[in-house]
$ cat data-v4.txt   # compact mmCIF, C-alpha atoms and all ligand atoms
# COMPACT_ATOMS: atom_id res chain seq x y z
CA MET A 1174 -21.23 98.75 -37.59
CA LYS A 1175 -19.01 98.56 -40.67
CA ILE A 1176 -20.64 99.14 -44.02
CA ALA A 1177 -19.67 98.51 -47.66
CA ILE A 1178 -21.37 100.46 -50.44
CA LEU A 1179 -21.20 99.05 -53.97
CA GLY A 1180 -20.83 101.51 -56.85
CA SER A 1181 -18.73 104.40 -58.08
CA GLY A 1182 -20.87 107.46 -58.76
CA GLY A 1183 -22.40 110.53 -57.18
CA ARG A 1184 -25.15 108.39 -55.70
CA GLU A 1185 -22.62 106.28 -53.81
CA HIS A 1186 -20.73 109.38 -52.61
CA ALA A 1187 -24.02 110.77 -51.27
CA LEU A 1188 -24.79 107.43 -49.57
CA SER A 1189 -21.37 107.39 -47.92
CA TRP A 1190 -21.77 111.03 -46.80
CA LYS A 1191 -25.24 110.39 -45.33
CA LEU A 1192 -24.29 107.11 -43.60
CA ALA A 1193 -21.34 108.93 -42.02
CA GLN A 1194 -23.95 110.76 -39.92
CA SER A 1195 -24.73 107.37 -38.31
CA VAL A 1196 -21.31 105.66 -38.06
CA PRO A 1197 -17.73 106.95 -38.32
CA GLN A 1198 -16.65 107.69 -41.91
CA ASP A 1199 -13.72 105.29 -41.38
CA ASP A 1200 -16.19 102.42 -41.05
CA ILE A 1201 -17.72 103.02 -44.49
CA PHE A 1202 -16.03 101.55 -47.57
CA VAL A 1203 -17.07 102.13 -51.17
CA LEU A 1204 -16.29 99.47 -53.81
CA PRO A 1205 -14.84 100.64 -56.18
CA GLY A 1206 -15.69 104.28 -55.38
CA ASN A 1207 -13.85 107.09 -57.15
CA GLY A 1208 -11.35 109.93 -56.68
CA GLY A 1209 -13.49 111.85 -54.20
CA ILE A 1210 -15.22 109.23 -52.05
CA PRO A 1211 -13.44 108.46 -48.76
CA ASN A 1212 -12.27 104.84 -48.35
CA SER A 1213 -12.68 103.89 -52.00
CA VAL A 1214 -11.46 100.31 -52.47
CA PRO A 1215 -10.59 99.15 -56.00
CA ILE A 1216 -12.91 96.13 -56.11
CA ASP A 1217 -15.39 95.87 -58.99
CA SER A 1218 -19.02 95.97 -57.85
CA MET A 1219 -19.72 92.88 -60.02
CA ASP A 1220 -16.90 90.78 -58.55
CA PHE A 1221 -19.00 89.03 -55.89
CA PRO A 1222 -16.29 86.65 -54.55
CA ALA A 1223 -13.86 89.58 -54.07
CA ILE A 1224 -16.57 91.65 -52.37
CA ARG A 1225 -17.39 88.77 -50.05
CA GLN A 1226 -13.75 88.21 -49.16
CA PHE A 1227 -13.29 91.93 -48.43
CA CYS A 1228 -16.42 91.98 -46.24
CA GLN A 1229 -15.26 88.96 -44.26
CA GLU A 1230 -11.75 90.33 -43.76
CA ARG A 1231 -13.05 93.73 -42.59
CA ASP A 1232 -16.00 92.50 -40.51
CA ILE A 1233 -18.52 94.30 -42.71
CA GLU A 1234 -22.07 93.68 -41.49
CA LEU A 1235 -24.05 95.57 -44.10
CA VAL A 1236 -23.69 95.93 -47.87
CA VAL A 1237 -25.66 98.75 -49.52
CA VAL A 1238 -25.98 98.28 -53.27
CA GLY A 1239 -25.93 101.46 -55.38
CA PRO A 1240 -26.40 100.43 -59.03
CA GLU A 1241 -28.83 97.95 -60.56
CA ALA A 1242 -26.40 95.60 -62.31
CA PRO A 1243 -25.20 93.71 -59.18
CA LEU A 1244 -28.82 93.32 -58.02
CA VAL A 1245 -30.04 92.00 -61.35
CA ALA A 1246 -27.04 89.63 -61.36
CA GLY A 1247 -28.07 88.33 -57.93
CA VAL A 1248 -25.66 89.86 -55.39
CA THR A 1249 -28.29 89.58 -52.65
CA ASP A 1250 -28.82 85.87 -53.34
CA TYR A 1251 -25.02 85.38 -53.48
CA PHE A 1252 -24.68 86.64 -49.88
CA ALA A 1253 -27.64 84.63 -48.55
CA GLY A 1254 -26.61 82.66 -45.48
CA SER A 1255 -23.34 84.60 -45.09
CA GLY A 1256 -24.54 86.57 -42.05
CA ILE A 1257 -23.93 89.81 -43.97
CA LYS A 1258 -27.04 91.87 -44.71
CA VAL A 1259 -27.36 93.08 -48.29
CA PHE A 1260 -29.69 96.04 -48.76
CA GLY A 1261 -31.30 95.46 -52.13
CA PRO A 1262 -33.82 92.95 -53.50
CA SER A 1263 -33.10 89.38 -54.54
CA LYS A 1264 -32.57 88.59 -58.20
CA GLN A 1265 -36.27 87.83 -58.58
CA GLY A 1266 -37.39 91.22 -57.18
CA ALA A 1267 -34.72 92.98 -59.24
CA MET A 1268 -36.55 91.75 -62.36
CA LEU A 1269 -38.83 94.76 -61.85
CA GLU A 1270 -35.92 96.76 -63.23
CA GLY A 1271 -34.05 94.04 -65.11
CA SER A 1272 -36.91 93.22 -67.49
CA LYS A 1273 -39.26 95.92 -68.75
CA ILE A 1274 -41.66 93.21 -69.97
CA PHE A 1275 -41.75 91.57 -66.54
CA ALA A 1276 -42.35 94.99 -64.96
CA LYS A 1277 -45.23 95.85 -67.31
CA GLN A 1278 -46.85 92.45 -66.74
CA PHE A 1279 -46.57 92.99 -62.99
CA MET A 1280 -48.16 96.46 -63.33
CA ALA A 1281 -51.01 95.04 -65.42
CA GLN A 1282 -51.58 92.14 -63.02
CA TYR A 1283 -51.77 94.35 -59.93
CA GLY A 1284 -53.67 97.30 -61.40
CA VAL A 1285 -50.83 99.82 -61.36
CA ALA A 1286 -51.71 102.81 -63.61
CA THR A 1287 -49.52 102.63 -66.70
CA SER A 1288 -49.71 103.14 -70.46
CA ASN A 1289 -51.09 100.46 -72.81
CA PHE A 1290 -48.39 98.16 -74.10
CA TRP A 1291 -47.70 95.31 -76.49
CA ILE A 1292 -45.00 92.67 -76.08
CA PHE A 1293 -42.89 91.46 -79.01
CA GLU A 1294 -40.57 88.48 -79.00
CA GLY A 1295 -38.98 86.33 -81.66
CA ASP A 1296 -39.86 86.99 -85.26
CA SER A 1297 -42.40 89.76 -84.71
CA ASP A 1298 -41.19 92.61 -86.85
CA ALA A 1299 -44.19 92.74 -89.17
CA ALA A 1300 -46.58 92.81 -86.20
CA ALA A 1301 -44.53 95.59 -84.58
CA ARG A 1302 -44.61 97.68 -87.75
CA ASP A 1303 -48.40 97.23 -87.94
CA ARG A 1304 -48.77 98.34 -84.33
CA ILE A 1305 -46.59 101.41 -84.93
CA ARG A 1306 -48.74 102.42 -87.93
CA GLU A 1307 -51.95 101.86 -86.01
CA LEU A 1308 -50.73 104.24 -83.29
CA GLY A 1309 -49.53 106.82 -85.82
CA GLY A 1310 -45.97 106.39 -84.58
CA GLU A 1311 -46.75 108.10 -81.24
CA VAL A 1312 -45.09 105.28 -79.33
CA VAL A 1313 -42.24 104.46 -77.01
CA ILE A 1314 -40.21 101.40 -77.96
CA LYS A 1315 -38.27 99.73 -75.15
CA TYR A 1316 -35.71 96.97 -75.27
CA ASP A 1317 -36.57 94.44 -72.54
CA GLY A 1318 -33.21 94.18 -70.75
CA LEU A 1319 -30.83 96.49 -68.90
CA ALA A 1320 -29.43 99.08 -71.29
CA ALA A 1321 -28.16 101.92 -69.08
CA GLY A 1322 -31.00 104.15 -70.28
CA LYS A 1323 -30.13 103.61 -73.94
CA GLY A 1324 -32.77 101.05 -74.90
CA VAL A 1325 -35.74 103.45 -74.78
CA TYR A 1326 -36.87 105.22 -77.96
CA VAL A 1327 -39.48 107.95 -77.51
CA CYS A 1328 -40.91 108.47 -81.01
CA SER A 1329 -42.94 111.15 -82.79
CA GLY A 1330 -44.41 109.85 -86.02
CA GLU A 1331 -44.21 106.67 -88.05
CA ASP A 1332 -40.89 107.32 -89.74
CA GLU A 1333 -39.10 107.94 -86.47
CA ALA A 1334 -40.68 104.88 -84.87
CA LEU A 1335 -39.80 102.60 -87.78
CA THR A 1336 -36.21 103.87 -87.69
CA ALA A 1337 -36.12 103.25 -83.93
CA LEU A 1338 -37.35 99.70 -84.45
CA HIS A 1339 -34.59 99.13 -86.99
CA ASP A 1340 -32.02 100.61 -84.60
CA LEU A 1341 -33.23 98.43 -81.73
CA HIS A 1342 -32.74 95.29 -83.83
CA LYS A 1343 -29.30 96.48 -84.90
CA GLN A 1344 -28.29 97.14 -81.29
CA TYR A 1345 -29.82 94.15 -79.55
CA GLY A 1346 -30.24 91.53 -82.29
CA ALA A 1347 -33.02 90.41 -84.62
CA ASP A 1348 -34.67 88.31 -81.92
CA ALA A 1349 -34.47 90.94 -79.14
CA ARG A 1350 -37.52 91.06 -76.87
CA PHE A 1351 -39.08 94.50 -76.68
CA LEU A 1352 -42.20 96.49 -75.86
CA ILE A 1353 -44.18 99.06 -77.72
CA GLU A 1354 -45.99 101.47 -75.39
CA GLU A 1355 -48.50 104.17 -76.00
CA LYS A 1356 -46.72 107.51 -75.64
CA LEU A 1357 -47.86 109.61 -72.69
CA SER A 1358 -47.15 113.25 -71.95
CA GLY A 1359 -46.78 115.29 -68.80
CA ALA A 1360 -44.28 116.32 -66.14
CA GLU A 1361 -42.15 113.56 -64.65
CA ILE A 1362 -41.50 112.95 -60.98
CA SER A 1363 -39.30 110.44 -59.18
CA ILE A 1364 -40.88 108.86 -56.12
CA ILE A 1365 -38.42 106.76 -54.15
CA GLY A 1366 -39.19 104.61 -51.14
CA PHE A 1367 -37.45 102.19 -48.78
CA THR A 1368 -39.34 98.96 -48.27
CA ASP A 1369 -39.27 95.65 -46.45
CA GLY A 1370 -41.68 94.25 -49.06
CA LYS A 1371 -44.68 95.18 -46.89
CA ASP A 1372 -44.38 98.77 -45.67
CA ILE A 1373 -42.75 101.64 -47.49
CA ARG A 1374 -41.21 104.95 -46.36
CA MET A 1375 -40.85 107.70 -48.92
CA LEU A 1376 -37.96 110.04 -49.46
CA MET A 1377 -38.69 113.55 -50.69
CA PRO A 1378 -40.13 113.57 -54.24
CA SER A 1379 -37.70 114.88 -56.82
CA GLN A 1380 -37.23 115.56 -60.49
CA ASP A 1381 -34.39 114.45 -62.73
CA HIS A 1382 -33.37 116.20 -65.98
CA LYS A 1383 -32.47 113.40 -68.36
CA GLN A 1384 -31.72 115.29 -71.56
CA LEU A 1385 -28.33 116.78 -72.31
CA ASN A 1386 -29.26 120.34 -73.18
CA ASP A 1387 -31.31 123.22 -71.83
CA GLY A 1388 -35.03 123.13 -72.58
CA ASP A 1389 -35.01 119.31 -72.36
CA THR A 1390 -33.46 118.92 -75.79
CA GLY A 1391 -30.65 116.73 -77.10
CA PRO A 1392 -29.89 113.09 -76.37
CA ASN A 1393 -30.83 111.26 -73.19
CA THR A 1394 -28.11 110.98 -70.55
CA GLY A 1395 -27.78 109.34 -67.16
CA GLY A 1396 -29.19 112.60 -65.73
CA MET A 1397 -27.85 116.18 -65.90
CA GLY A 1398 -29.28 117.50 -62.66
CA ALA A 1399 -32.08 117.11 -60.15
CA TYR A 1400 -33.98 119.07 -57.53
CA CYS A 1401 -36.42 118.49 -54.72
CA PRO A 1402 -39.16 118.96 -53.86
CA PRO A 1403 -41.00 120.06 -57.04
CA THR A 1404 -43.20 123.01 -56.04
CA PHE A 1405 -46.20 121.38 -57.75
CA TYR A 1406 -46.08 118.45 -55.33
CA ASN A 1407 -48.84 118.55 -52.71
CA THR A 1408 -50.86 116.17 -50.58
CA ASP A 1409 -53.57 115.78 -53.22
CA LEU A 1410 -50.99 114.65 -55.78
CA MET A 1411 -49.38 112.40 -53.19
CA THR A 1412 -52.73 110.68 -52.56
CA GLN A 1413 -53.26 110.18 -56.30
CA ILE A 1414 -49.78 108.65 -56.67
CA MET A 1415 -50.28 106.38 -53.66
CA ASP A 1416 -53.64 105.14 -54.96
CA ALA A 1417 -52.71 104.74 -58.63
CA VAL A 1418 -49.16 103.43 -58.30
CA VAL A 1419 -47.62 102.81 -54.88
CA THR A 1420 -50.36 100.91 -53.05
CA PRO A 1421 -51.09 98.45 -55.90
CA THR A 1422 -47.33 97.87 -56.25
CA MET A 1423 -46.97 97.08 -52.55
CA ASN A 1424 -49.92 94.66 -52.80
CA GLY A 1425 -48.18 92.97 -55.72
CA LEU A 1426 -44.85 92.69 -53.88
CA GLN A 1427 -46.59 91.01 -50.97
CA LYS A 1428 -48.64 88.65 -53.12
CA GLU A 1429 -45.58 87.60 -55.11
CA ARG A 1430 -43.62 87.15 -51.85
CA PHE A 1431 -40.53 88.70 -53.36
CA ASP A 1432 -37.63 88.88 -50.94
CA PHE A 1433 -37.45 92.66 -51.04
CA ASN A 1434 -35.46 94.68 -48.55
CA GLY A 1435 -34.46 97.62 -50.62
CA VAL A 1436 -35.44 100.62 -52.64
CA VAL A 1437 -38.36 100.96 -55.02
CA TYR A 1438 -38.10 103.86 -57.44
CA PHE A 1439 -41.27 104.86 -59.25
CA GLY A 1440 -40.65 106.90 -62.42
CA ILE A 1441 -44.00 108.61 -62.83
CA MET A 1442 -45.54 110.84 -65.50
CA LEU A 1443 -48.29 113.20 -64.41
CA THR A 1444 -50.71 112.95 -67.33
CA ALA A 1445 -54.03 114.70 -67.90
CA THR A 1446 -55.77 111.53 -66.69
CA GLY A 1447 -53.66 111.14 -63.56
CA PRO A 1448 -50.27 109.71 -62.53
CA GLN A 1449 -49.01 106.81 -64.66
CA LEU A 1450 -45.99 104.65 -63.94
CA LEU A 1451 -43.28 104.66 -66.63
CA GLU A 1452 -40.81 102.38 -64.91
CA TYR A 1453 -39.58 100.78 -61.72
CA ASN A 1454 -36.02 100.86 -60.58
CA VAL A 1455 -34.90 98.74 -57.64
CA ARG A 1456 -32.24 101.16 -56.41
CA LEU A 1457 -31.82 104.85 -55.70
CA GLY A 1458 -31.89 107.18 -58.70
CA ASP A 1459 -28.83 109.05 -59.82
CA PRO A 1460 -28.76 112.12 -59.68
CA GLU A 1461 -31.93 112.16 -57.50
CA THR A 1462 -30.01 110.65 -54.55
CA GLU A 1463 -27.69 113.64 -54.48
CA VAL A 1464 -30.64 115.84 -53.49
CA ILE A 1465 -32.95 113.50 -51.59
CA LEU A 1466 -30.35 112.26 -49.12
CA PRO A 1467 -29.28 115.82 -48.18
CA ALA A 1468 -33.03 116.59 -47.84
CA MET A 1469 -33.51 113.70 -45.43
CA LYS A 1470 -33.29 114.69 -41.78
CA SER A 1471 -33.85 111.27 -40.21
CA ASP A 1472 -31.23 108.58 -39.78
CA LEU A 1473 -30.51 106.59 -42.97
CA LEU A 1474 -28.82 103.64 -41.28
CA ARG A 1475 -31.79 103.23 -38.93
CA LEU A 1476 -34.11 103.26 -41.95
CA ILE A 1477 -32.10 100.57 -43.74
CA LEU A 1478 -31.92 98.38 -40.63
CA ALA A 1479 -35.65 98.84 -40.05
CA CYS A 1480 -36.22 97.22 -43.47
CA PHE A 1481 -34.50 94.09 -42.12
CA ASP A 1482 -35.84 93.85 -38.59
CA GLY A 1483 -39.54 94.39 -39.22
CA THR A 1484 -39.74 97.82 -37.56
CA LEU A 1485 -40.28 99.90 -40.68
CA SER A 1486 -43.87 100.68 -39.69
CA ASN A 1487 -42.51 102.55 -36.63
CA TYR A 1488 -39.98 104.57 -38.58
CA GLU A 1489 -40.84 108.24 -38.93
CA MET A 1490 -39.35 109.98 -41.91
CA GLU A 1491 -38.30 113.58 -41.34
CA TYR A 1492 -37.18 116.03 -44.00
CA HIS A 1493 -35.26 119.30 -43.92
CA ASP A 1494 -37.15 122.41 -44.95
CA GLY A 1495 -36.43 124.20 -48.21
CA TYR A 1496 -35.10 123.10 -51.59
CA PHE A 1497 -32.09 121.17 -52.85
CA VAL A 1498 -30.67 121.55 -56.36
CA ASP A 1499 -27.98 119.38 -57.97
CA ILE A 1500 -26.08 120.34 -61.13
CA VAL A 1501 -24.08 117.67 -62.93
CA LEU A 1502 -20.77 118.92 -64.32
CA ALA A 1503 -20.04 116.68 -67.31
CA SER A 1504 -17.17 116.10 -69.71
CA GLY A 1505 -17.69 117.89 -73.05
CA GLY A 1506 -18.81 115.30 -75.60
CA TYR A 1507 -20.78 113.19 -73.09
CA PRO A 1508 -22.94 111.07 -73.60
CA LYS A 1509 -20.95 110.22 -76.74
CA SER A 1510 -17.16 110.20 -76.69
CA TYR A 1511 -15.14 112.49 -74.43
CA VAL A 1512 -11.57 112.86 -73.23
CA LYS A 1513 -10.61 111.74 -69.72
CA GLY A 1514 -7.77 112.82 -67.47
CA TYR A 1515 -8.31 116.59 -67.21
CA GLU A 1516 -7.26 118.12 -63.93
CA ILE A 1517 -10.11 119.61 -61.89
CA HIS A 1518 -9.50 123.02 -60.31
CA GLY A 1519 -11.43 125.06 -57.78
CA LEU A 1520 -12.90 122.32 -55.58
CA ASP A 1521 -11.32 124.07 -52.58
CA GLN A 1522 -13.20 127.28 -53.46
CA VAL A 1523 -16.66 125.77 -53.00
CA SER A 1524 -18.55 127.25 -50.02
CA SER A 1525 -18.77 125.10 -46.94
CA ASP A 1526 -22.58 125.08 -47.07
CA ALA A 1527 -22.61 123.55 -50.58
CA MET A 1528 -21.76 119.92 -51.31
CA VAL A 1529 -19.81 118.27 -54.09
CA PHE A 1530 -20.44 114.58 -54.77
CA HIS A 1531 -17.92 113.00 -57.09
CA ALA A 1532 -18.97 110.75 -59.98
CA GLY A 1533 -16.39 110.36 -62.78
CA THR A 1534 -13.20 111.37 -61.00
CA THR A 1535 -9.97 109.64 -60.08
CA ARG A 1536 -6.70 110.55 -58.36
CA LYS A 1537 -3.53 110.98 -60.38
CA ASP A 1538 -0.22 112.26 -59.00
CA GLY A 1539 -1.98 113.82 -56.03
CA ASN A 1540 -4.56 115.63 -58.19
CA ILE A 1541 -8.21 114.93 -58.90
CA VAL A 1542 -8.78 114.36 -62.62
CA THR A 1543 -11.81 113.57 -64.77
CA SER A 1544 -12.43 109.90 -65.52
CA GLY A 1545 -16.04 109.69 -66.71
CA GLY A 1546 -18.88 111.41 -68.54
CA ARG A 1547 -20.66 112.74 -65.49
CA VAL A 1548 -17.84 114.14 -63.37
CA LEU A 1549 -19.19 116.03 -60.36
CA ASN A 1550 -22.51 116.87 -58.70
CA VAL A 1551 -22.71 120.29 -57.10
CA VAL A 1552 -25.55 120.59 -54.58
CA ALA A 1553 -26.93 123.61 -52.74
CA HIS A 1554 -29.71 124.08 -50.21
CA GLY A 1555 -31.90 127.15 -49.70
CA SER A 1556 -35.26 128.20 -48.36
CA ASP A 1557 -36.51 129.46 -51.69
CA LEU A 1558 -36.14 127.58 -54.99
CA ALA A 1559 -35.03 130.57 -57.11
CA GLU A 1560 -32.44 131.52 -54.51
CA THR A 1561 -31.17 127.93 -54.33
CA ILE A 1562 -30.77 127.79 -58.12
CA GLY A 1563 -28.76 131.04 -58.02
CA LYS A 1564 -26.61 129.67 -55.22
CA VAL A 1565 -25.81 126.34 -56.87
CA TYR A 1566 -24.78 127.94 -60.17
CA GLN A 1567 -22.53 130.35 -58.30
CA GLU A 1568 -20.73 127.32 -56.84
CA CYS A 1569 -20.53 125.59 -60.24
CA ARG A 1570 -18.71 128.60 -61.70
CA LYS A 1571 -15.90 128.10 -59.18
CA ILE A 1572 -15.00 124.67 -60.59
CA HIS A 1573 -12.99 124.32 -63.79
CA PHE A 1574 -11.74 121.58 -66.02
CA THR A 1575 -11.18 121.49 -69.79
CA ASP A 1576 -14.44 121.22 -71.77
CA VAL A 1577 -16.65 121.23 -68.65
CA TYR A 1578 -20.32 121.19 -69.67
CA TYR A 1579 -23.50 121.64 -67.65
CA ARG A 1580 -27.10 122.61 -68.19
CA THR A 1581 -28.00 126.12 -67.10
CA ASP A 1582 -31.73 125.53 -66.53
CA ILE A 1583 -31.99 122.85 -63.85
CA ALA A 1584 -35.25 123.39 -61.88
CA LYS A 1585 -35.95 126.63 -63.73
CA ARG A 1586 -39.10 125.42 -65.47
CA ASP A 1587 -40.60 124.93 -62.03
CA ILE A 1588 -40.09 128.57 -61.00
CA MET A 1589 -41.28 129.83 -64.40
CA GLU A 1590 -44.54 127.92 -64.02
CA GLN A 1591 -45.25 129.18 -60.53
P1 LIG A 1601 -37.75 104.44 -68.73
O1 LIG A 1601 -36.31 103.99 -68.74
O2 LIG A 1601 -38.72 103.35 -69.01
O3 LIG A 1601 -38.11 105.31 -67.58
O4 LIG A 1601 -37.82 105.52 -69.92
C1 LIG A 1601 -36.91 106.60 -69.99
C2 LIG A 1601 -37.65 107.88 -70.30
O5 LIG A 1601 -38.42 107.71 -71.49
C3 LIG A 1601 -38.65 108.30 -69.23
O6 LIG A 1601 -38.06 109.03 -68.21
C4 LIG A 1601 -39.60 109.14 -70.07
O7 LIG A 1601 -39.08 110.46 -70.26
C5 LIG A 1601 -39.65 108.42 -71.38
N1 LIG A 1601 -40.78 107.47 -71.44
C6 LIG A 1601 -40.78 106.17 -71.04
N2 LIG A 1601 -42.00 105.61 -71.23
C7 LIG A 1601 -42.78 106.56 -71.75
C8 LIG A 1601 -44.15 106.61 -72.20
N3 LIG A 1601 -44.95 105.53 -72.15
N4 LIG A 1601 -44.62 107.79 -72.67
C9 LIG A 1601 -43.81 108.87 -72.78
N5 LIG A 1601 -42.53 108.90 -72.40
C10 LIG A 1601 -42.00 107.76 -71.89
N1 LIG A 1602 -32.28 109.20 -62.61
C1 LIG A 1602 -32.80 108.08 -63.27
C2 LIG A 1602 -32.19 106.81 -62.87
O1 LIG A 1602 -31.42 106.74 -61.93
O2 LIG A 1602 -32.50 105.82 -63.50

$ encode --input "data-v4.txt" --output "structure tokens" --more "lines below"
Ligand code: AMP
Ligand code: GLY
Amino acid sequence: MKIAILGSGGREHALSWKLAQSVPQDDIFVLPGNGGIPNSVPIDSMDFPAIRQFCQERDIELVVVGPEAPLVAGVTDYFAGSGIKVFGPSKQGAMLEGSKIFAKQFMAQYGVATSNFWIFEGDSDAAARDRIRELGGEVVIKYDGLAAGKGVYVCSGEDEALTALHDLHKQYGADARFLIEEKLSGAEISIIGFTDGKDIRMLMPSQDHKQLNDGDTGPNTGGMGAYCPPTFYNTDLMTQIMDAVVTPTMNGLQKERFDFNGVVYFGIMLTATGPQLLEYNVRLGDPETEVILPAMKSDLLRLILACFDGTLSNYEMEYHDGYFVDIVLASGGYPKSYVKGYEIHGLDQVSSDAMVFHAGTTRKDGNIVTSGGRVLNVVAHGSDLAETIGKVYQECRKIHFTDVYYRTDIAKRDIMEQ
């Protein structure tokens, strides 16, 4: 079976690597891919007619969608009736990620544990300011639409919240739709499952590190590293998450009859009163994918196909033992401005038992050079978390490019709290 993967980051490299355990690597194409992903084809993942033409010419039978934008824009609906399977929800199901207001209303309707929230649309600034003052500014303000992680303002105090409100209007317009949520606190965990809209099979739970600097400080990024499984995860917590979040969501998906063969990502905060859902995504997380696919022992292609042919309930998920840690090597200056085009050295020095998934890289004159903010993901596996952290950083130190930046504390809070 020939497969096309849409996207260009570390997540798509990991998908290509994992699917190559099921079919020959030569049968997997990544559109547009990057400098390190085999069979990268320079077709934009939003150019649906070009993707369709490529799939027809190459006899592609399955399209796996990496990022959210093509799903929210309706790539699955676009291929309907073409005979090509697209793994990812229809445009309607993708609203769970595409509109934060839609997602919150869905959570409220189906009893999914989540923070209190208030919806604002149109000329509602005075009401929003009143709400902020009432909550003492301990709020999270979220722009309704897709914003690549930038439309969320986590605020401490009235002044900060009022400034955030002003900024949101400046960024997204005076009539932007947005939410104000009660601010929660606790550890975060990413729970990611594959679903046919009825059953769901979970990958290993993982944790992302969204902030730029050590100690979870600095601006939010697309993710600076991830690890799995968190040592605090256990069957009791799993039961709580299933009851509070996953099961009510699955009931909602069935009741709404969304056409949903794809991934549901639950971004969960473990609060003093139990797990609460912060957000849905309708695709694999990045950088979580770079650890949870290596941690998956069972066959990924079989899992995806089971979501289409009604056999998901028979699929048994198996995991590898031990821990997986991913460090993102970024361009200095990211997430703001940074220089591209630096040559990357040392990739050939990385041990054969570690993995490197490319994100922002390209090929130039036979060399691999930087071309994005998040450049590489270095992943190691070990039986003990502390040992795995040591191992992955040892590999990171072998890779060099000008102004390389990475966090030095990925997964370390977990071992300090043990
Ligand atoms: P989201 O894109 O909705 O997941 O929000 C991005 C990040 O903002 C999350 O990973 C959390 O760290 C934080 N966040 C979102 N909602 C809340 C909330 N209600 N309380 C506290 N933090 C939140
Ligand atoms: N790692 C968070 C995300 O993919 O949205």

$ residues_around --input "data-v4.txt" --residues "segment 1506-1513 of chain A" --least-positions-apart "5" --cutoff "12 Å" --atoms "only C-alpha atoms" --output "ChimeraX atom specification"
/A:1321-1323,1383-1386,1391-1397,1501,1533-1535,1537,1541-1548,1574-1579

$ closest_residue --input "data-v4.txt" --among "A:Ile1210, A:Ala1281, A:Ile1477, A:Glu1590" --to "Ala1360 of chain A" --atoms "only C-alpha atoms"
A:Glu1590

$ residues_near_ligand --input "data-v4.txt" --ligand "ligand LIG 1602 (chain A)" --cutoff "10 Å" --atoms "all atoms listed in the file" --output "PyMOL selection string"
chain A and resi 1184+1240-1241+1270+1321-1322+1363+1379-1383+1394-1399+1438-1440+1452-1462

$ residues_around --input "data-v4.txt" --residues "segment 1417-1431 of chain A" --least-positions-apart "6" --cutoff "6 Å" --atoms "all atoms listed in the file" --output "ChimeraX atom specification"
/A:1266,1283,1285-1286,1370

$ write_last_selection --input "data-v4.txt" --atoms "C-alpha atoms" --output "short mmCIF file (atom, residue, chain, number, x, y, z; two decimals), in the frame of the given file"
data_model
loop_
_atom_site.label_atom_id
_atom_site.label_comp_id
_atom_site.auth_asym_id
_atom_site.auth_seq_id
_atom_site.Cartn_x
_atom_site.Cartn_y
_atom_site.Cartn_z
CA GLY A 1266 -37.39 91.22 -57.18
CA TYR A 1283 -51.77 94.35 -59.93
CA VAL A 1285 -50.83 99.82 -61.36
CA ALA A 1286 -51.71 102.81 -63.61
CA GLY A 1370 -41.68 94.25 -49.06
#

$ axis_aligned_box --input "data-v4.txt" --around "ligand LIG 1601 (chain A)" --padding-each-side "3 Å" --output "AutoDock Vina command-line options"
--center_x -40.6 --center_y 106.9 --center_z -70.2 --size_x 14.6 --size_y 13.1 --size_z 11.2

$ atom_distance --input "data-v4.txt" --atom1 "atom CA of Cys1228 of chain A" --atom2 "atom CA of Ser1255 of chain A"
10.2 Å

$ decode --input "data-v4.txt" --residues "segment 1435-1461 of chain A" --atoms "C-alpha atoms" --output "compact mmCIF listing (two decimals), in the first residue's frame"
# COMPACT_ATOMS: atom_id res chain seq x y z
CA GLY A 1435 -8.62 10.04 13.08
CA VAL A 1436 -6.79 11.18 16.14
CA VAL A 1437 -8.24 12.81 19.24
CA TYR A 1438 -5.72 14.61 21.41
CA PHE A 1439 -6.82 15.51 24.92
CA GLY A 1440 -4.74 18.27 26.53
CA ILE A 1441 -5.44 17.64 30.20
CA MET A 1442 -4.55 19.45 33.42
CA LEU A 1443 -4.42 17.38 36.59
CA THR A 1444 -6.01 19.74 39.11
CA ALA A 1445 -6.66 19.27 42.82
CA THR A 1446 -10.26 18.38 41.95
CA GLY A 1447 -9.37 15.88 39.23
CA PRO A 1448 -8.44 15.87 35.53
CA GLN A 1449 -9.88 18.74 33.47
CA LEU A 1450 -9.75 19.09 29.71
CA LEU A 1451 -7.98 22.22 28.41
CA GLU A 1452 -8.31 21.52 24.71
CA TYR A 1453 -8.92 19.03 21.95
CA ASN A 1454 -6.70 18.63 18.96
CA VAL A 1455 -7.77 16.46 16.04
CA ARG A 1456 -4.27 15.34 15.09
CA LEU A 1457 -1.13 14.02 16.72
CA GLY A 1458 0.76 16.42 18.98
CA ASP A 1459 4.15 17.74 18.05
CA PRO A 1460 6.61 17.02 19.77
CA GLU A 1461 4.61 14.27 21.58
